[in-house]
Each structure stands twice: as C-alpha cells, then as structure tokens.
Amino acid sequence: MFMPKRIYFAIFIMGFTALVAEAILIREFFITFNGNELTIGIVLANWILLVAAGSMIGGYAVRKIKSAVTSYALIQFTIFLYFPAAIFLIRVMKPLLGFGVGESVGNLFILTSSFIIISLLGIPMGFRFPVACRMVREASGRAAESIGKVYFIEALGFIVAGPVITYILITKMDSFSIAFLMSALTVLSSAVILSRKAIAARAKILFGISAVLTLSAILLMAGPSSYVNNESLDIQWRGQKLLRYENSIYGNLAVTERLGQYTFYSNGMPIISSPYPNIWHIEDLVHFAMLSSPDPKRVLLIGGGAGGVINEILKYPIEKLTYAELDPELIRLIESFPTELTKKELTDPRLEIKYIDGILPRRPDEVPR
C-alpha cells in the first residue's frame with residue numbers, strides 16, 4: 001500500500017489536463033471549420049461520446065490488468081505522444097484535402113473528421129477513470145468510496161483548469177506550448193505514482209522513462225514547439241501571407257495581407273477588409289438603417305464596425321457613435337496594421353468605443369436615440 005496523496009495528485013492532474021485538452025482542441029476545430037454553435041456542438045458531442053466509450057472499455061479491462069499504476073502510466077504516455085499531434089492534424093487536414101482558407105465544409109465532414117482525430121485522445125482519457133478508481137481502491141481498501149473520490153478530485157482539477165486556461169494559458173502561450181506543458185504534467189503525475197519503493201522493476205524503468213520525457217517536454221516548449229506551431233500555421237494558411245496569429249479570451253484573431261489589402265479573421269472567419277472593404281454590403285447594411293430615422297443624432301453599433309461600417313455611419317451629421325466591441329484585442333490588432341480607412345474611423349472625435357458585450361441589458365437613459 002502506498003501514499004494515497006500521490007494518487008490524488010495524479011487524479012487532480014487528470015481532471016486539469018482533460019479540460020485544457022478539450023478546450024484547446026475545440027478551439028482549434030472552431031478555427032479550422034469557421035465554426036458556429038453547431039460546430040462546437042458536433043465536436044463536443046464526439047468528445048463526450050468517445051470519453052464515455054473509453055471509460056466503458058476501461059471498466060471491462062480494469063478487472064484483468066495486473067497493475068493499475070503501470071497501466072495508468074502507459075495511458076499517460078499515449079496522451080503525451082498524441083495531444084500535440086492532434087493539434088497538428090486539425091490545422092493541416094483542410095489544406096491537405098484541397099480546401100482553401102475560409103472555405104466552408106459540410107456538417108458530415110466536421111462530424112467524421114473530428115470523430116477520427118478525437119478518438120485517439122478521448123478514448124485513452126476515458127480509459128483512465130476506471131483505472132484511477134482501482135488505484136484508489138487498492139490504496140484505501142474501500143471499494144465503495146473509490147468512484148466518488150476519483151470523481152470529486154477530478155472535478156477539482158476541472159474547476160482549477162477553467163480560469164487558468166482562460167486567463168493565463170490561452171493568452172500567454174500558443175496551442176503547441178500548452179499541449180507540451182499538459183503532456184509534461186501528465187507524465188510528471190505518472191512519475192510521482194511510479195516512484196514508490198515497493199514498485200516492480202519494470203515500473204521503475206517506466207519511471208526513468210517518464211522523467212526523461214518530462215524533461216524533454218519542458219525543453220520542447222521553449223524552442224521546437226514554436227517551430228511546429230509556425231509550420232502548421234503555414235500549411236493551414238497556405239496561399240496567404242499571415243502577419244499575426246494570436247488568441248484572446250474571446251477567440252482567435254489573425255491578420256493576412258495580399259497586394260496591400262489586410263484581412264482580419266476572427267475564429268477563422270474574415271470579418272474586416274481594409275483599405276478596400278466590401279462597400280456594396282456595407283452600404284446596404286448602414287444606409288437602410290440610418291435612413292429609417294428622419295434625423296439620427298446618436299447611434300449604437302454593436303460589433304463589426306471597423307473596416308467601413310463606422311466610416312459610412314459617420315457620413316451622416318450625427319453627434320455621437322457608440323461602438324460596442326466585445327474584444328479589445330481586435331481593436332489593438334487593427335491599430336497595429338493601420339490603413340487610411342481605419343485611421344480615419346478610429347480617430348474621429350464622434351466615435352466612442354465601449355469594450356463590452358453589446359447584448360447586455362441597458363438602462364433606458366443609456367440607449368442611444
């Protein structure tokens with residue numbers, strides 16, 4: 001019998017890394033498929049289904065395995081090897097299959113491709129749960145409590161992972177660096193439970209391997225991960241000159257340039273073109289709304305303003321234009337690649353930018369008229 005705290009640490013990391021992996025892969029699928037809520041629903045459904053299938057398979061297999069600790073470590077190594085590869089596959093599959101940047105694909109393609117890519121990660125992640133339950137049972141000697149303990153500790157890992165990935169990992173690191181870091185954590189957790197004195201000789205060998213892999217993963221984050229990240233982006237954005245690719249807490253932002261035309265993307269979808277926007281679409285969008293009022297003075301614009309819409313609204317003799325934009329990083333990105341159009345729009349004294357969700361309710365005196 002060994003120290004349960006080591007197992008609890010491994011289970012906590014299991015929950016922590018599972019949520020991070022899920023969030024990163026869903027985000028990558030969302031960008032690749034130019035997605036909406038339906039895309040998220042399809043990918044998330046595949047994730048839940050495959051993790052549940054892995055847990056069911058593990059439930060049958062756990063009765064036959066000789067060492068729960070060794071089996072758990074082997075599963076962790078599988079996840080360590082495949083998680084970065086899954087990100088790479090998501091990014092390159094559309095170009096390799098002949099789809100262009102921004103080209104939409106059908107729901108059947110989203111369903112099948114996400115199922116195949118997630119299967120090699122979701123099934124091992126689900127398999128870990130019954131194995132972890134057996135480890136807790138062997139450590140505590142109480143079978144009835146093992147499932148509840150594993151579920152509770154894993155849930156704590158989920159809870160902690162939420163704000164960490166939202167406010168730290170996504171905003172500070174690229175997807176491959178996050179993947180290597182999570183892989184290092186999974187291998188480290190295996191090293192912790194494999195380091196007890198009473199362990200078998202073959203498991204000690206695994207402990208040595210895990211230590212080497214953990215160190216390698218940390219080293220990979222500093223250099224080669226950036227190389228792999230850049231190479232995958234070159235394939236994903238083939239035919240485009242990618243100037244900037246970054247994440248915010250609200251989504252992914254990218255900027256491409258061709259013949260002096262800048263295109264800004266949000267989650268893989270083109271949202272702004274400058275200095276030559278789609279003026280026919282913008283004129284229809286703006287002028288029908290503006291001409292519906294006999295003398296507009298104060299205007300509220302919710303999202304999608306820069307790159308032509310603001311310019312068309314400001315052609316009217318209005319007093320104030322309040323522009324509600326959810327993501328401050330989008331405006332900063334536009335200001336980093338200025339054109340005469342965007343500079344004219346964003347420096348007009350009648351413009352007020354509010355970094356806020358435009359659908360939030362307002363008091364009557366706050367609504368522009």
# chains A, B, ... in the order shown; residues from 1 in each chain; ligands from 1
call {"tool": "residues_around", "arguments": {"residues": "A:Phe16", "least_positions_apart": "4", "cutoff": "9 Å", "atoms": "only C-alpha atoms", "output": "list in words"}}
result
Ile11, Phe12, Val20, Ala21, Glu154, Ala155, Leu156, Gly157, Phe158, Ile159, Val160, Ala161, Gly162 and Met182 of chain A
call {"tool": "select_by_dssp", "arguments": {"residues": "stretch 114-349 of chain A", "states": "helix (DSSP H, G or I)", "output": "ChimeraX atom specification"}}
result
/A:114-140,143-172,175-194,201-222,224-236,279-290,309-313,328-336,340-346
call {"tool": "residues_around", "arguments": {"residues": "A:Ile302", "least_positions_apart": "3", "cutoff": "8 Å", "atoms": "only C-alpha atoms", "output": "list in words"}}
result
Gly305, Tyr323, Ala324, Glu325 and Gly358 of chain A
call {"tool": "atom_distance", "arguments": {"atom1": "atom CA of A:Val92", "atom2": "atom CA of A:Phe109"}}
result
14.4 Å
call {"tool": "closest_atom_pairs", "arguments": {"of": "stretch 104-194 of chain A", "to": "stretch 52-57 of chain A", "cutoff": "12 Å", "atoms": "only C-alpha atoms", "output": "tab-separated table"}}
result
residue	atom	partner	partner_atom	distance
A:Ile118	CA	A:Gly54	CA	11.6
A:Ser119	CA	A:Gly54	CA	9.0
A:Leu120	CA	A:Gly54	CA	9.9
A:Leu121	CA	A:Gly54	CA	9.5
A:Gly122	CA	A:Gly54	CA	7.0
A:Ile123	CA	A:Gly54	CA	4.0
A:Pro124	CA	A:Gly54	CA	6.0
A:Met125	CA	A:Gly54	CA	6.9
A:Gly126	CA	A:Ser55	CA	4.2
A:Phe127	CA	A:Ser55	CA	4.5
A:Arg128	CA	A:Ser55	CA	7.1
A:Phe129	CA	A:Ser55	CA	6.2
A:Pro130	CA	A:Ser55	CA	6.5
A:Val131	CA	A:Ser55	CA	9.0
A:Ala132	CA	A:Ser55	CA	10.8
A:Cys133	CA	A:Ser55	CA	11.0
call {"tool": "write_last_selection", "arguments": {"atoms": "N, CA and C atoms", "output": "PDB file, in the first residue's frame"}}
result
ATOM      1  N   ILE A 118     -10.346  12.973 -32.591  1.00  0.00           N
ATOM      2  CA  ILE A 118     -10.546  12.949 -31.142  1.00  0.00           C
ATOM      3  C   ILE A 118     -10.453  11.538 -30.578  1.00  0.00           C
ATOM      4  N   SER A 119     -10.747  10.530 -31.387  1.00  0.00           N
ATOM      5  CA  SER A 119     -10.831   9.163 -30.864  1.00  0.00           C
ATOM      6  C   SER A 119      -9.540   8.702 -30.196  1.00  0.00           C
ATOM      7  N   LEU A 120      -8.396   9.056 -30.766  1.00  0.00           N
ATOM      8  CA  LEU A 120      -7.121   8.601 -30.217  1.00  0.00           C
ATOM      9  C   LEU A 120      -6.720   9.341 -28.945  1.00  0.00           C
ATOM     10  N   LEU A 121      -7.476  10.399 -28.615  1.00  0.00           N
ATOM     11  CA  LEU A 121      -7.227  11.103 -27.358  1.00  0.00           C
ATOM     12  C   LEU A 121      -8.364  10.881 -26.368  1.00  0.00           C
ATOM     13  N   GLY A 122      -9.598  10.931 -26.852  1.00  0.00           N
ATOM     14  CA  GLY A 122     -10.758  10.807 -25.969  1.00  0.00           C
ATOM     15  C   GLY A 122     -10.871   9.437 -25.330  1.00  0.00           C
ATOM     16  N   ILE A 123     -10.617   8.375 -26.108  1.00  0.00           N
ATOM     17  CA  ILE A 123     -10.733   7.021 -25.561  1.00  0.00           C
ATOM     18  C   ILE A 123      -9.712   6.768 -24.446  1.00  0.00           C
ATOM     19  N   PRO A 124      -8.412   7.090 -24.648  1.00  0.00           N
ATOM     20  CA  PRO A 124      -7.470   6.928 -23.519  1.00  0.00           C
ATOM     21  C   PRO A 124      -7.829   7.779 -22.308  1.00  0.00           C
ATOM     22  N   MET A 125      -8.352   8.987 -22.533  1.00  0.00           N
ATOM     23  CA  MET A 125      -8.727   9.824 -21.400  1.00  0.00           C
ATOM     24  C   MET A 125      -9.886   9.206 -20.619  1.00  0.00           C
ATOM     25  N   GLY A 126     -10.849   8.639 -21.341  1.00  0.00           N
ATOM     26  CA  GLY A 126     -11.936   7.962 -20.650  1.00  0.00           C
ATOM     27  C   GLY A 126     -11.476   6.687 -19.963  1.00  0.00           C
ATOM     28  N   PHE A 127     -10.533   5.986 -20.573  1.00  0.00           N
ATOM     29  CA  PHE A 127      -9.991   4.742 -20.014  1.00  0.00           C
ATOM     30  C   PHE A 127      -9.338   4.976 -18.658  1.00  0.00           C
ATOM     31  N   ARG A 128      -8.806   6.190 -18.446  1.00  0.00           N
ATOM     32  CA  ARG A 128      -8.089   6.477 -17.198  1.00  0.00           C
ATOM     33  C   ARG A 128      -8.992   6.405 -15.971  1.00  0.00           C
ATOM     34  N   PHE A 129     -10.265   6.748 -16.141  1.00  0.00           N
ATOM     35  CA  PHE A 129     -11.131   6.881 -14.976  1.00  0.00           C
ATOM     36  C   PHE A 129     -11.284   5.570 -14.196  1.00  0.00           C
ATOM     37  N   PRO A 130     -11.688   4.457 -14.831  1.00  0.00           N
ATOM     38  CA  PRO A 130     -11.788   3.212 -14.052  1.00  0.00           C
ATOM     39  C   PRO A 130     -10.442   2.731 -13.520  1.00  0.00           C
ATOM     40  N   VAL A 131      -9.358   3.017 -14.252  1.00  0.00           N
ATOM     41  CA  VAL A 131      -8.035   2.644 -13.754  1.00  0.00           C
ATOM     42  C   VAL A 131      -7.707   3.442 -12.495  1.00  0.00           C
ATOM     43  N   ALA A 132      -8.037   4.728 -12.505  1.00  0.00           N
ATOM     44  CA  ALA A 132      -7.814   5.561 -11.328  1.00  0.00           C
ATOM     45  C   ALA A 132      -8.666   5.087 -10.147  1.00  0.00           C
ATOM     46  N   CYS A 133      -9.888   4.657 -10.439  1.00  0.00           N
ATOM     47  CA  CYS A 133     -10.744   4.127  -9.368  1.00  0.00           C
ATOM     48  C   CYS A 133     -10.118   2.889  -8.727  1.00  0.00           C
TER      49      CYS A 133
END
call {"tool": "residues_around", "arguments": {"residues": "A:Thr39", "least_positions_apart": "4", "cutoff": "12 Å", "atoms": "only C-alpha atoms", "output": "PyMOL selection string"}}
result
chain A and resi 26-35+43-46+104-111+113-114+267
call {"tool": "residues_around", "arguments": {"residues": "A:Leu326", "least_positions_apart": "4", "cutoff": "8 Å", "atoms": "only C-alpha atoms", "output": "count of residues only"}}
result
6
call {"tool": "residues_around", "arguments": {"residues": "stretch 172-179 of chain A", "least_positions_apart": "2", "cutoff": "6 Å", "atoms": "only C-alpha atoms", "output": "number ranges by chain"}}
result
A: 84, 168-170, 181-182, 221, 225
call {"tool": "closest_residue", "arguments": {"among": "A:Val228, A:Ala306, A:Ala18, A:Met135", "to": "A:Arg91", "atoms": "only C-alpha atoms"}}
result
A:Val228
call {"tool": "atom_distance", "arguments": {"atom1": "atom CA of A:Asp295", "atom2": "atom CA of A:Pro277"}}
result
26.7 Å
call {"tool": "select_by_dssp", "arguments": {"residues": "stretch 115-294 of chain A", "states": "strand (DSSP E or B)", "output": "PyMOL selection string"}}
result
chain A and resi 241-248+251-258+261-266+269-274
call {"tool": "write_last_selection", "arguments": {"atoms": "C-alpha atoms", "output": "mmCIF file, in the first residue's frame"}}
result
data_model
loop_
_atom_site.group_PDB
_atom_site.id
_atom_site.type_symbol
_atom_site.label_atom_id
_atom_site.label_comp_id
_atom_site.auth_asym_id
_atom_site.auth_seq_id
_atom_site.Cartn_x
_atom_site.Cartn_y
_atom_site.Cartn_z
ATOM 1 C CA LYS A 241 0.710 35.985 -46.028
ATOM 2 C CA LEU A 242 -0.020 35.540 -42.324
ATOM 3 C CA LEU A 243 1.105 38.633 -40.422
ATOM 4 C CA ARG A 244 -0.301 37.929 -36.974
ATOM 5 C CA TYR A 245 -1.938 34.982 -35.240
ATOM 6 C CA GLU A 246 -2.925 35.297 -31.601
ATOM 7 C CA ASN A 247 -5.507 34.290 -29.032
ATOM 8 C CA SER A 248 -7.602 36.318 -26.662
ATOM 9 C CA GLY A 251 -11.380 33.838 -29.543
ATOM 10 C CA ASN A 252 -8.637 33.558 -32.126
ATOM 11 C CA LEU A 253 -7.525 36.537 -34.200
ATOM 12 C CA ALA A 254 -5.454 36.508 -37.386
ATOM 13 C CA VAL A 255 -4.323 39.060 -39.967
ATOM 14 C CA THR A 256 -3.316 38.343 -43.566
ATOM 15 C CA GLU A 257 -2.058 40.667 -46.289
ATOM 16 C CA ARG A 258 -2.185 40.467 -50.073
ATOM 17 C CA GLN A 261 -5.190 44.517 -48.651
ATOM 18 C CA TYR A 262 -5.415 43.489 -44.995
ATOM 19 C CA THR A 263 -7.946 40.884 -43.935
ATOM 20 C CA PHE A 264 -8.739 40.344 -40.265
ATOM 21 C CA TYR A 265 -10.104 36.976 -39.143
ATOM 22 C CA SER A 266 -11.967 36.027 -36.008
ATOM 23 C CA MET A 269 -13.894 33.840 -40.385
ATOM 24 C CA PRO A 270 -12.979 37.023 -42.315
ATOM 25 C CA ILE A 271 -14.635 39.950 -40.569
ATOM 26 C CA ILE A 272 -12.749 43.068 -41.738
ATOM 27 C CA SER A 273 -11.070 44.033 -45.009
ATOM 28 C CA SER A 274 -9.111 47.253 -45.325
#
call {"tool": "residues_around", "arguments": {"residues": "A:Glu319", "least_positions_apart": "3", "cutoff": "7 Å", "atoms": "only C-alpha atoms", "output": "PyMOL selection string"}}
result
chain A and resi 297-298+350
call {"tool": "write_last_selection", "arguments": {"atoms": "N, CA and C atoms", "output": "mmCIF file, in the first residue's frame"}}
result
data_model
loop_
_atom_site.group_PDB
_atom_site.id
_atom_site.type_symbol
_atom_site.label_atom_id
_atom_site.label_comp_id
_atom_site.auth_asym_id
_atom_site.auth_seq_id
_atom_site.Cartn_x
_atom_site.Cartn_y
_atom_site.Cartn_z
ATOM 1 N N LYS A 297 -29.160 61.233 -34.392
ATOM 2 C CA LYS A 297 -28.119 62.004 -33.713
ATOM 3 C C LYS A 297 -27.159 61.117 -32.938
ATOM 4 N N ARG A 298 -27.697 60.131 -32.275
ATOM 5 C CA ARG A 298 -26.864 59.210 -31.501
ATOM 6 C C ARG A 298 -27.106 57.790 -32.019
ATOM 7 N N ARG A 350 -16.252 61.866 -32.887
ATOM 8 C CA ARG A 350 -17.632 61.468 -32.593
ATOM 9 C C ARG A 350 -17.737 59.995 -32.188
#
